[in-house]
Structure formats: C-alpha cells, structure tokens
$ cat upload.cif   # mmCIF, C-alpha atoms
data_start
#
loop_
_atom_site.label_atom_id
_atom_site.label_comp_id
_atom_site.auth_asym_id
_atom_site.auth_seq_id
_atom_site.Cartn_x
_atom_site.Cartn_y
_atom_site.Cartn_z
CA MET A 17 -59.90 -6.20 39.87
CA SER A 18 -60.18 -4.38 43.19
CA GLY A 19 -60.30 -4.99 46.89
CA ALA A 20 -57.82 -6.45 49.32
CA PRO A 21 -56.38 -9.89 48.61
CA SER A 22 -58.12 -12.66 50.51
CA SER A 23 -54.89 -14.34 51.59
CA GLU A 24 -52.84 -13.02 54.49
CA PHE A 25 -49.59 -13.31 52.52
CA PRO A 26 -48.49 -11.01 49.68
CA LEU A 27 -48.20 -11.89 46.03
CA LEU A 28 -44.72 -13.34 45.40
CA PHE A 29 -42.30 -13.29 42.49
CA LEU A 30 -39.56 -15.94 42.63
CA MET A 31 -37.00 -15.26 39.91
CA GLY A 32 -33.46 -16.22 39.06
CA PRO A 33 -31.26 -17.87 36.45
CA THR A 34 -31.92 -21.28 35.01
CA ALA A 35 -30.78 -24.34 36.99
CA ILE A 36 -30.41 -22.48 40.28
CA GLY A 37 -33.21 -24.41 41.99
CA LYS A 38 -36.30 -22.20 41.71
CA THR A 39 -38.72 -25.14 41.48
CA ALA A 40 -37.67 -26.64 44.80
CA VAL A 41 -37.84 -23.30 46.62
CA ALA A 42 -41.20 -22.46 45.04
CA MET A 43 -42.53 -25.83 46.19
CA ALA A 44 -41.30 -25.24 49.74
CA LEU A 45 -42.76 -21.73 49.82
CA ALA A 46 -46.11 -22.96 48.52
CA GLN A 47 -46.28 -25.55 51.29
CA ALA A 48 -45.26 -23.01 53.94
CA LEU A 49 -47.67 -20.29 52.75
CA ASP A 50 -50.62 -22.39 51.57
CA GLY A 51 -49.78 -21.30 48.04
CA GLU A 52 -50.15 -22.29 44.43
CA ILE A 53 -47.48 -21.84 41.77
CA ILE A 54 -47.93 -19.92 38.52
CA ASN A 55 -45.34 -20.86 35.91
CA VAL A 56 -43.31 -17.95 34.51
CA ASP A 57 -41.26 -19.87 31.95
CA SER A 58 -41.94 -19.25 28.27
CA ALA A 59 -40.89 -22.79 27.27
CA GLN A 60 -42.78 -24.69 29.96
CA VAL A 61 -46.11 -23.47 28.59
CA TYR A 62 -45.68 -25.89 25.67
CA ARG A 63 -47.05 -29.42 25.76
CA VAL A 64 -44.72 -32.35 25.07
CA MET A 65 -41.62 -30.27 25.85
CA SER A 66 -40.96 -31.59 29.34
CA ILE A 67 -37.40 -32.93 29.57
CA GLY A 68 -35.64 -30.02 27.88
CA THR A 69 -37.58 -27.41 29.87
CA ALA A 70 -37.07 -29.12 33.26
CA LYS A 71 -40.78 -29.00 34.04
CA PRO A 72 -41.93 -29.87 37.56
CA SER A 73 -42.59 -33.60 37.80
CA ALA A 74 -46.03 -35.18 38.01
CA THR A 75 -45.34 -35.87 41.69
CA GLU A 76 -44.48 -32.22 42.36
CA ARG A 77 -47.65 -31.10 40.61
CA CYS A 78 -49.68 -33.45 42.78
CA VAL A 79 -48.15 -32.00 45.95
CA VAL A 80 -48.65 -28.34 44.98
CA PRO A 81 -51.07 -27.00 42.32
CA HIS A 82 -49.22 -25.57 39.31
CA HIS A 83 -50.69 -23.29 36.65
CA LEU A 84 -49.74 -22.32 33.08
CA LEU A 85 -47.87 -25.54 32.35
CA ASP A 86 -48.69 -27.49 29.16
CA ILE A 87 -51.27 -24.99 27.92
CA VAL A 88 -50.33 -24.58 24.24
CA GLU A 89 -49.03 -26.78 21.43
CA PRO A 90 -45.42 -26.33 20.26
CA GLU A 91 -46.72 -25.13 16.88
CA GLU A 92 -48.38 -22.12 18.54
CA ALA A 93 -46.85 -18.81 19.53
CA TYR A 94 -47.31 -17.61 23.10
CA SER A 95 -46.88 -13.92 23.82
CA ALA A 96 -46.20 -11.78 26.86
CA ALA A 97 -49.68 -10.28 26.42
CA ARG A 98 -51.28 -13.71 26.53
CA PHE A 99 -49.18 -14.63 29.57
CA CYS A 100 -50.34 -11.52 31.41
CA ALA A 101 -54.00 -12.29 30.74
CA ASP A 102 -53.53 -15.91 31.83
CA ALA A 103 -51.50 -15.02 34.92
CA LEU A 104 -53.96 -12.36 36.09
CA ARG A 105 -56.79 -14.87 35.78
CA CYS A 106 -54.79 -17.40 37.81
CA ILE A 107 -53.97 -14.83 40.49
CA ALA A 108 -57.66 -13.99 40.87
CA ASP A 109 -58.62 -17.67 41.04
CA ILE A 110 -55.95 -18.47 43.64
CA ARG A 111 -56.91 -15.47 45.77
CA GLY A 112 -60.53 -16.55 45.45
CA ARG A 113 -59.55 -19.81 47.10
CA GLY A 114 -57.89 -17.86 49.93
CA ARG A 115 -54.42 -19.01 48.92
CA THR A 116 -51.11 -17.33 48.04
CA PRO A 117 -50.06 -16.93 44.38
CA ILE A 118 -46.36 -17.64 43.83
CA LEU A 119 -45.13 -16.70 40.37
CA ALA A 120 -41.93 -18.65 39.74
CA GLY A 121 -39.68 -18.92 36.72
CA GLY A 122 -36.95 -17.37 34.65
CA THR A 123 -38.69 -15.52 31.81
CA MET A 124 -37.92 -12.04 33.05
CA LEU A 125 -39.86 -10.35 30.25
CA TYR A 126 -43.05 -11.89 31.63
CA PHE A 127 -42.33 -10.65 35.15
CA LYS A 128 -41.60 -7.19 33.77
CA ALA A 129 -44.77 -7.18 31.68
CA LEU A 130 -46.89 -7.91 34.76
CA GLU A 131 -45.12 -5.40 36.97
CA ARG A 132 -44.77 -2.54 34.50
CA GLY A 133 -47.48 -3.30 31.99
CA LEU A 134 -47.47 -3.90 28.27
CA ALA A 135 -46.39 -1.23 25.85
CA PRO A 136 -48.81 -0.27 23.06
CA LEU A 137 -46.69 -2.03 20.46
CA PRO A 138 -47.95 -2.52 16.89
CA GLU A 139 -48.67 -5.99 15.56
CA ALA A 140 -45.91 -7.65 13.58
CA ASP A 141 -45.85 -6.80 9.89
CA PRO A 142 -44.65 -9.74 7.73
CA ALA A 143 -43.76 -7.46 4.82
CA ILE A 144 -41.52 -5.18 6.89
CA ARG A 145 -39.99 -8.18 8.68
CA ALA A 146 -39.17 -9.73 5.29
CA GLU A 147 -37.57 -6.47 4.16
CA LEU A 148 -35.40 -6.39 7.27
CA GLU A 149 -34.36 -10.01 6.85
CA ASN A 150 -33.43 -9.33 3.23
CA GLU A 151 -31.37 -6.33 4.33
CA ALA A 152 -29.67 -8.48 6.95
CA ALA A 153 -28.83 -11.08 4.32
CA ARG A 154 -27.28 -8.34 2.20
CA ILE A 155 -25.42 -6.20 4.78
CA GLY A 156 -25.45 -8.29 7.97
CA TRP A 157 -27.16 -8.04 11.36
CA ASP A 158 -24.22 -6.04 12.74
CA ALA A 159 -25.08 -3.24 10.31
CA LEU A 160 -28.74 -3.36 11.34
CA HIS A 161 -27.71 -3.25 15.00
CA GLN A 162 -25.64 -0.15 14.23
CA ARG A 163 -28.69 1.39 12.57
CA LEU A 164 -30.71 0.63 15.71
CA GLN A 165 -27.95 2.31 17.74
CA GLN A 166 -28.59 5.53 15.81
CA ILE A 167 -32.39 5.31 16.08
CA ASP A 168 -32.78 3.94 19.61
CA PRO A 169 -29.48 3.77 21.54
CA VAL A 170 -31.19 2.58 24.73
CA ALA A 171 -32.70 -0.44 22.97
CA ALA A 172 -29.44 -1.10 21.12
CA GLN A 173 -27.58 -1.23 24.42
CA ARG A 174 -30.07 -3.74 25.78
CA ILE A 175 -30.27 -5.92 22.64
CA HIS A 176 -27.23 -8.05 21.83
CA PRO A 177 -25.82 -7.69 18.28
CA ASN A 178 -26.28 -11.49 17.91
CA ASP A 179 -30.02 -11.33 18.64
CA PRO A 180 -31.57 -10.84 15.16
CA GLN A 181 -35.14 -11.42 16.31
CA ARG A 182 -35.11 -8.53 18.79
CA ILE A 183 -33.09 -6.26 16.48
CA ALA A 184 -35.66 -6.83 13.74
CA ARG A 185 -38.56 -6.19 16.11
CA ALA A 186 -37.11 -2.89 17.35
CA LEU A 187 -36.52 -1.66 13.79
CA GLU A 188 -39.93 -2.94 12.68
CA VAL A 189 -41.68 -1.01 15.47
CA TYR A 190 -39.93 2.21 14.45
CA ARG A 191 -40.89 1.75 10.79
CA LEU A 192 -44.50 1.00 11.69
CA CYS A 193 -45.28 3.89 14.01
CA GLY A 194 -42.36 6.34 13.91
CA LYS A 195 -41.69 5.90 17.64
CA THR A 196 -38.80 4.03 19.16
CA LEU A 197 -39.29 0.86 21.14
CA THR A 198 -37.86 2.65 24.19
CA ASP A 199 -40.42 5.46 23.93
CA LEU A 200 -43.30 3.00 23.60
CA LEU A 201 -42.10 0.89 26.52
CA ALA A 202 -42.24 4.00 28.70
CA GLU A 203 -46.01 4.27 28.09
CA THR A 204 -46.91 1.49 30.52
CA HIS A 205 -48.43 0.88 33.95
CA SER A 206 -48.57 -2.12 36.27
CA LEU A 207 -51.15 -4.81 35.53
CA LEU A 208 -50.95 -6.34 38.99
CA PRO A 209 -54.04 -6.17 41.22
CA GLU A 210 -51.94 -5.78 44.37
CA PRO A 211 -48.39 -5.07 45.55
CA VAL A 212 -45.79 -7.75 44.97
CA VAL A 213 -42.75 -8.89 46.94
CA LYS A 214 -39.90 -9.91 44.63
CA PHE A 215 -37.19 -12.47 45.34
CA ALA A 216 -34.37 -13.74 43.16
CA LEU A 217 -32.15 -16.73 43.76
CA MET A 218 -28.68 -15.67 42.63
CA PRO A 219 -25.38 -17.58 42.63
CA SER A 220 -22.71 -16.40 45.03
CA LEU A 221 -20.14 -17.72 42.57
CA ARG A 222 -20.68 -17.93 38.80
CA PRO A 223 -18.65 -21.19 38.39
CA TRP A 224 -21.00 -22.89 40.87
CA LEU A 225 -23.99 -22.12 38.66
CA HIS A 226 -22.08 -23.13 35.52
CA ALA A 227 -21.38 -26.52 37.07
CA ARG A 228 -25.07 -26.96 37.91
CA ILE A 229 -26.05 -26.04 34.35
CA GLU A 230 -23.65 -28.59 32.89
CA GLN A 231 -24.81 -31.28 35.31
CA ARG A 232 -28.48 -30.65 34.54
CA PHE A 233 -27.91 -30.68 30.78
CA HIS A 234 -26.30 -34.12 31.05
CA GLN A 235 -29.18 -35.28 33.24
CA MET A 236 -31.63 -34.13 30.56
CA LEU A 237 -29.72 -36.10 27.94
CA ALA A 238 -29.75 -39.19 30.14
CA ALA A 239 -33.51 -38.75 30.61
CA GLY A 240 -34.10 -38.84 26.85
CA PHE A 241 -33.96 -35.22 25.72
CA LEU A 242 -32.87 -36.08 22.17
CA ASP A 243 -35.67 -38.63 21.87
CA GLU A 244 -38.09 -35.91 22.96
CA VAL A 245 -36.86 -33.65 20.16
CA ARG A 246 -37.00 -36.52 17.66
CA GLN A 247 -40.67 -37.00 18.50
CA LEU A 248 -41.30 -33.27 18.15
CA ARG A 249 -39.69 -33.28 14.70
CA GLN A 250 -42.30 -35.78 13.53
CA ARG A 251 -45.03 -33.15 13.94
CA VAL A 252 -45.78 -31.97 10.41
CA GLN A 253 -46.31 -28.28 11.18
CA LEU A 254 -43.40 -27.92 13.58
CA HIS A 255 -40.21 -26.32 12.28
CA ALA A 256 -36.99 -24.87 13.64
CA GLN A 257 -38.05 -21.21 13.37
CA LEU A 258 -41.03 -21.46 15.73
CA PRO A 259 -40.57 -19.88 19.17
CA SER A 260 -40.86 -23.25 20.91
CA MET A 261 -38.00 -24.74 18.90
CA ARG A 262 -35.86 -21.65 19.37
CA SER A 263 -35.80 -22.33 23.10
CA VAL A 264 -32.38 -22.97 24.61
CA GLY A 265 -31.40 -26.60 24.16
CA TYR A 266 -34.10 -27.34 21.59
CA ARG A 267 -32.46 -25.17 18.96
CA GLN A 268 -29.12 -26.90 19.45
CA ALA A 269 -30.75 -30.36 19.49
CA TRP A 270 -32.67 -29.61 16.28
CA ASN A 271 -29.46 -28.53 14.52
CA HIS A 272 -27.69 -31.66 15.73
CA LEU A 273 -30.46 -33.92 14.44
CA ASP A 274 -30.29 -32.04 11.13
CA GLY A 275 -26.67 -33.14 10.94
CA GLU A 276 -25.23 -29.66 11.39
CA THR A 277 -23.19 -30.62 14.48
CA ASP A 278 -21.72 -33.79 15.89
CA TYR A 279 -22.77 -34.99 19.34
CA PRO A 280 -19.87 -33.46 21.35
CA SER A 281 -20.40 -30.10 19.64
CA PHE A 282 -24.13 -30.24 20.30
CA VAL A 283 -23.54 -30.87 24.00
CA GLU A 284 -20.98 -28.07 24.19
CA GLN A 285 -23.26 -25.64 22.38
CA GLY A 286 -26.28 -26.59 24.50
CA ILE A 287 -24.40 -25.97 27.73
CA ALA A 288 -22.91 -22.71 26.42
CA ALA A 289 -26.33 -21.44 25.30
CA THR A 290 -27.80 -22.25 28.72
CA ARG A 291 -24.99 -20.36 30.44
CA GLN A 292 -25.65 -17.37 28.19
CA LEU A 293 -29.34 -17.53 29.09
CA ALA A 294 -28.43 -17.55 32.79
CA LYS A 295 -26.22 -14.50 32.28
CA ARG A 296 -29.06 -12.59 30.59
CA GLN A 297 -31.47 -13.58 33.36
CA MET A 298 -29.09 -12.31 36.05
CA THR A 299 -28.65 -9.04 34.15
CA TRP A 300 -32.46 -8.63 34.14
CA VAL A 301 -32.62 -9.25 37.88
CA ARG A 302 -29.92 -6.67 38.61
CA GLY A 303 -31.83 -4.11 36.56
CA MET A 304 -35.08 -4.56 38.51
CA ASP A 305 -36.10 -2.52 41.53
CA ASP A 306 -36.81 -3.78 45.04
CA VAL A 307 -35.65 -7.36 44.50
CA HIS A 308 -34.55 -9.34 47.54
CA GLN A 309 -31.58 -11.34 46.27
CA ILE A 310 -31.01 -14.70 47.97
CA PRO A 311 -27.37 -15.81 47.56
CA CYS A 312 -27.07 -19.50 46.68
CA THR A 313 -24.07 -21.72 47.34
CA ASP A 314 -23.27 -25.40 47.77
CA GLU A 315 -23.39 -24.96 51.53
CA GLN A 316 -26.92 -23.58 51.46
CA ASP A 317 -29.64 -26.24 51.51
CA LEU A 318 -33.26 -25.94 50.43
CA SER A 319 -34.47 -25.17 53.93
CA SER A 320 -32.08 -22.26 54.43
CA ARG A 321 -32.99 -20.74 51.05
CA THR A 322 -36.66 -21.01 51.86
CA GLN A 323 -36.18 -19.52 55.30
CA ALA A 324 -34.22 -16.64 53.76
CA VAL A 325 -37.31 -15.79 51.74
CA LEU A 326 -39.80 -16.29 54.56
CA ALA A 327 -37.75 -14.09 56.90
CA GLN A 328 -38.35 -11.09 54.62
CA LEU A 329 -42.10 -11.56 54.29
CA PRO A 330 -44.66 -9.76 56.44
CA ASN A 331 -47.03 -11.92 58.50
CA THR A 332 -44.67 -14.90 58.72
#

$ encode --input "upload.cif" --output "structure tokens"
Amino acid sequence: MSGAPSSEFPLLFLMGPTAIGKTAVAMALAQALDGEIINVDSAQVYRVMSIGTAKPSATERCVVPHHLLDIVEPEEAYSAARFCADALRCIADIRGRGRTPILAGGTMLYFKALERGLAPLPEADPAIRAELENEAARIGWDALHQRLQQIDPVAAQRIHPNDPQRIARALEVYRLCGKTLTDLLAETHSLLPEPVVKFALMPSLRPWLHARIEQRFHQMLAAGFLDEVRQLRQRVQLHAQLPSMRSVGYRQAWNHLDGETDYPSFVEQGIAATRQLAKRQMTWVRGMDDVHQIPCTDEQDLSSRTQAVLAQLPNT
C-alpha cells in the first residue's frame, strides 16, 4: 500500500490495561475525528463471547462502525498474523472512505506485530510440543524456564515462569530452527502503511484500577457471564485448552463449572487473573516507544481524557 492517507488525521493506537475505559474514549475520538474503530482485543474477535470480553454494545456499534468483532468461532484459533492481515485490510478500507482508523484494545502483541512486523517464526510442531509437555510433566515448567534462561535469557526475562504456553513456544522455536526467539523477533519491519500516533490510558493509582476491575467483574456476573460460559460448554468441539477458553475470566469460569472451585474462589481467581492481565498490559506499554500516556483518575471524566488525546494530535 502506498500514497498519503486520505484522511486529514493520523492513524491512532489507543492502548491500555483492561477496564480502564478504552471503549468510551475510542468512541469519543471516533465521533470527534470522523473515525471508525478497529478492535485490538484477542478475545473480542470470538462470536458468542460478549459478556466476559466486555464487547462494545449493539448501541455503541450503531453509533460508530466497529471492525474485527465477532469474526471467528470460539473453536477456531486466531493468530497475530491473521490479525495483521485483517487490520491492514480494515485500515485501507477506512482510509478509502476518507475516515480515520482508530485501533483500540489491550492485546499488546497485536499492536507490536503491526508496528514492528511479524518475525519469521516456524509453524508449531505437535511432536516437539508433546515432547516439551512430557518433559514438563516429568521435571516441571520451572526447570524448562531455567533451560530457556540458558538458551535465550532475553525471552526468559520477558516470559513469566508460570506461562507454560509461551515457555514451550520459545523452546519449540529453538529446537525447530536453531535460532532463539529473540533473534528471530529482531528480523522484523513495520507492516503499517503510514506513521502512527500512539496513546495509552494508564492509571494514576494502581488501587483505582483494581477497584474498577473488581466492579466490572461483578457487573459481568450480574449480566449473566456464567450462563454465557454454560452455553459455550454445550458446543461439542469446544474445550478448555482452546485459546478462546484460556482467555481471562473464561478459564476461571470453566474450572468453576467443572467443579474445581467454589463460587467465592472462582470470583476471587477471576478478579486476580484480570489484575495480572492489567499488570502485563501496563508493562508492555512502558516498554513501547513514543507512547503518549494519559493518566486516568476518578476525577478525570470522559471528556477530559478525550481532550487530552486530541490536544496531542496534529490538525486538531
């Protein structure tokens, strides 16, 4: 794709931790900039999963066009590569209409993939993955994380010892091609057709965000989140190990409905997992370059957050 964008406003990233209020600010920005919103949330791409992913409402979608919501079934896998292809198509379509693309969400890997490109990673190998899982069952994921530390210390620092999926992937990549994940990730370039201006909503105080996360989780429960998961469990090909059901909240709900936890423990674990997700998202933001951070507090309303973004844009 080449040529200058047809809209007078730049391409926007709106990032930040879960529950901080990205949807409302994205909506306000879209209305102020004649924009359309591209979803950057790896769980909101799945159909049926609406309550637990806090998808924009039908009313919000009528007010502002949204893209990349409800595009795959929960039984399917959705990759960063597929997101990039879909997002680039949406950007071109929105620019073709003379409007402003606003990419909003909390899946930082997707933002990074667009901005820095996709590494030439090998396809997953079921045989090697099975070997690694057998090793983990025998010696533990801590031991495999220590092995990764010796092979690829940069990746080991980034990957938490309690994240078996990413530990296995990093070791799998090394076994497949003899290069570390870090080395392969360095062989990338931006996929974006134009410069981007990046914003992140960030909490001024961590306890404020924690309170919002807890409040929203209870709101999801009141809206029927467990019933949503019960309906999902009736789908014959859906199981707990699929990426959709490993999403924060869904994993804890599935375990609860399997009888592994009582209701109070499920709620506690769901809130704790969401807080951990928010922490990881904020760590991603702090590691990115040229991000305009917008501090968020109780005293700051939607209008002031939106104005804080608009004030740092050219041509506004």

$ residues_around --input "upload.cif" --residues "A:His255" --least-positions-apart "5" --cutoff "12 Å" --atoms "all atoms listed in the file" --output "PyMOL selection string"
chain A and resi 90-92+245-246+248-250+260-262+266-267+270-271+274

$ write_last_selection --input "upload.cif" --atoms "C-alpha atoms" --output "PDB file, keeping the file's coordinate frame"
ATOM      1  CA  PRO A  90     -45.420 -26.330  20.260  1.00  0.00           C
ATOM      2  CA  GLU A  91     -46.720 -25.130  16.880  1.00  0.00           C
ATOM      3  CA  GLU A  92     -48.380 -22.120  18.540  1.00  0.00           C
ATOM      4  CA  VAL A 245     -36.860 -33.650  20.160  1.00  0.00           C
ATOM      5  CA  ARG A 246     -37.000 -36.520  17.660  1.00  0.00           C
ATOM      6  CA  LEU A 248     -41.300 -33.270  18.150  1.00  0.00           C
ATOM      7  CA  ARG A 249     -39.690 -33.280  14.700  1.00  0.00           C
ATOM      8  CA  GLN A 250     -42.300 -35.780  13.530  1.00  0.00           C
ATOM      9  CA  SER A 260     -40.860 -23.250  20.910  1.00  0.00           C
ATOM     10  CA  MET A 261     -38.000 -24.740  18.900  1.00  0.00           C
ATOM     11  CA  ARG A 262     -35.860 -21.650  19.370  1.00  0.00           C
ATOM     12  CA  TYR A 266     -34.100 -27.340  21.590  1.00  0.00           C
ATOM     13  CA  ARG A 267     -32.460 -25.170  18.960  1.00  0.00           C
ATOM     14  CA  TRP A 270     -32.670 -29.610  16.280  1.00  0.00           C
ATOM     15  CA  ASN A 271     -29.460 -28.530  14.520  1.00  0.00           C
ATOM     16  CA  ASP A 274     -30.290 -32.040  11.130  1.00  0.00           C
TER      17      ASP A 274
END

$ atom_distance --input "upload.cif" --atom1 "atom CA of A:His176" --atom2 "atom CA of A:Gly121"
22.2 Å

$ resolve_selection --input "upload.cif" --expression "the PyMOL selection byres ((chain A and resi 140-157) around 8)" --output "MDAnalysis selection string"
chainID A and resid 138:139 158:161 177:178 180 184:185 188 191

$ atom_distance --input "upload.cif" --atom1 "atom CA of A:Arg228" --atom2 "atom CA of A:Leu258"
27.9 Å

$ resolve_selection --input "upload.cif" --expression "the PyMOL selection byres ((chain A and resi 54) around 7)" --output "tab-separated table (two decimals) with C-alpha atoms, keeping the file's coordinate frame"
chain	number	residue	atom	x	y	z
A	52	GLU	CA	-50.15	-22.29	44.43
A	53	ILE	CA	-47.48	-21.84	41.77
A	55	ASN	CA	-45.34	-20.86	35.91
A	56	VAL	CA	-43.31	-17.95	34.51
A	82	HIS	CA	-49.22	-25.57	39.31
A	83	HIS	CA	-50.69	-23.29	36.65
A	84	LEU	CA	-49.74	-22.32	33.08
A	117	PRO	CA	-50.06	-16.93	44.38
A	118	ILE	CA	-46.36	-17.64	43.83
A	119	LEU	CA	-45.13	-16.70	40.37
A	120	ALA	CA	-41.93	-18.65	39.74

$ atom_distance --input "upload.cif" --atom1 "atom CA of A:Ala216" --atom2 "atom CA of A:Ala238"
29.0 Å

$ resolve_selection --input "upload.cif" --expression "the PyMOL selection byres ((chain A and resi 284) around 12)" --output "list in words"
Ile229, Glu230, Phe233, His234, Gly265, Gln268, Ala269, His272, Thr277, Asp278, Tyr279, Pro280, Ser281, Phe282, Val283, Gln285, Gly286, Ile287, Ala288, Ala289, Thr290 and Arg291 of chain A

$ closest_residue --input "upload.cif" --among "A:Ile67, A:Leu137, A:Leu30, A:Met298" --to "A:Ala42" --atoms "all atoms listed in the file"
A:Leu30

$ residues_around --input "upload.cif" --residues "A:Arg321" --least-positions-apart "6" --cutoff "8 Å" --atoms "all atoms listed in the file" --output "PyMOL selection string"
chain A and resi 41+310+312

$ residues_near_point --input "upload.cif" --point "(-41.2, 5.7, 18.0)" --cutoff "12 Å" --atoms "all atoms listed in the file" --output "PyMOL selection string"
chain A and resi 135-138+164+167-168+171+186-203

$ write_last_selection --input "upload.cif" --atoms "C-alpha atoms" --output "mmCIF file, in the coordinates of the input"
data_model
loop_
_atom_site.group_PDB
_atom_site.id
_atom_site.type_symbol
_atom_site.label_atom_id
_atom_site.label_comp_id
_atom_site.auth_asym_id
_atom_site.auth_seq_id
_atom_site.Cartn_x
_atom_site.Cartn_y
_atom_site.Cartn_z
ATOM 1 C CA ALA A 135 -46.390 -1.230 25.850
ATOM 2 C CA PRO A 136 -48.810 -0.270 23.060
ATOM 3 C CA LEU A 137 -46.690 -2.030 20.460
ATOM 4 C CA PRO A 138 -47.950 -2.520 16.890
ATOM 5 C CA LEU A 164 -30.710 0.630 15.710
ATOM 6 C CA ILE A 167 -32.390 5.310 16.080
ATOM 7 C CA ASP A 168 -32.780 3.940 19.610
ATOM 8 C CA ALA A 171 -32.700 -0.440 22.970
ATOM 9 C CA ALA A 186 -37.110 -2.890 17.350
ATOM 10 C CA LEU A 187 -36.520 -1.660 13.790
ATOM 11 C CA GLU A 188 -39.930 -2.940 12.680
ATOM 12 C CA VAL A 189 -41.680 -1.010 15.470
ATOM 13 C CA TYR A 190 -39.930 2.210 14.450
ATOM 14 C CA ARG A 191 -40.890 1.750 10.790
ATOM 15 C CA LEU A 192 -44.500 1.000 11.690
ATOM 16 C CA CYS A 193 -45.280 3.890 14.010
ATOM 17 C CA GLY A 194 -42.360 6.340 13.910
ATOM 18 C CA LYS A 195 -41.690 5.900 17.640
ATOM 19 C CA THR A 196 -38.800 4.030 19.160
ATOM 20 C CA LEU A 197 -39.290 0.860 21.140
ATOM 21 C CA THR A 198 -37.860 2.650 24.190
ATOM 22 C CA ASP A 199 -40.420 5.460 23.930
ATOM 23 C CA LEU A 200 -43.300 3.000 23.600
ATOM 24 C CA LEU A 201 -42.100 0.890 26.520
ATOM 25 C CA ALA A 202 -42.240 4.000 28.700
ATOM 26 C CA GLU A 203 -46.010 4.270 28.090
#

$ closest_residue --input "upload.cif" --among "A:Ala93, A:Leu318, A:Leu85, A:Leu329" --to "A:Met65" --atoms "all atoms listed in the file"
A:Leu85

$ closest_atom_pairs --input "upload.cif" --of "stretch 80-143 of chain A" --to "stretch 207-211 of chain A" --cutoff "9 Å" --atoms "only C-alpha atoms" --output "Markdown table"
| residue | atom | partner | partner_atom | distance |
| --- | --- | --- | --- | --- |
| A:Cys100 | CA | A:Leu207 | CA | 7.9 |
| A:Leu104 | CA | A:Leu208 | CA | 7.3 |
| A:Ile107 | CA | A:Pro209 | CA | 8.7 |
| A:Ala108 | CA | A:Pro209 | CA | 8.6 |
| A:Ala129 | CA | A:Leu207 | CA | 7.8 |
| A:Leu130 | CA | A:Leu207 | CA | 5.3 |
| A:Glu131 | CA | A:Leu207 | CA | 6.2 |
| A:Arg132 | CA | A:Leu207 | CA | 6.8 |
| A:Gly133 | CA | A:Leu207 | CA | 5.3 |
| A:Leu134 | CA | A:Leu207 | CA | 8.2 |

$ residues_around --input "upload.cif" --residues "A:Ser95" --least-positions-apart "6" --cutoff "10 Å" --atoms "only C-alpha atoms" --output "list in words"
Ser58, Tyr126 and Pro259 of chain A

$ residues_around --input "upload.cif" --residues "A:Arg222" --least-positions-apart "5" --cutoff "10 Å" --atoms "only C-alpha atoms" --output "MDAnalysis selection string"
chainID A and resid 227 291 294:295 313
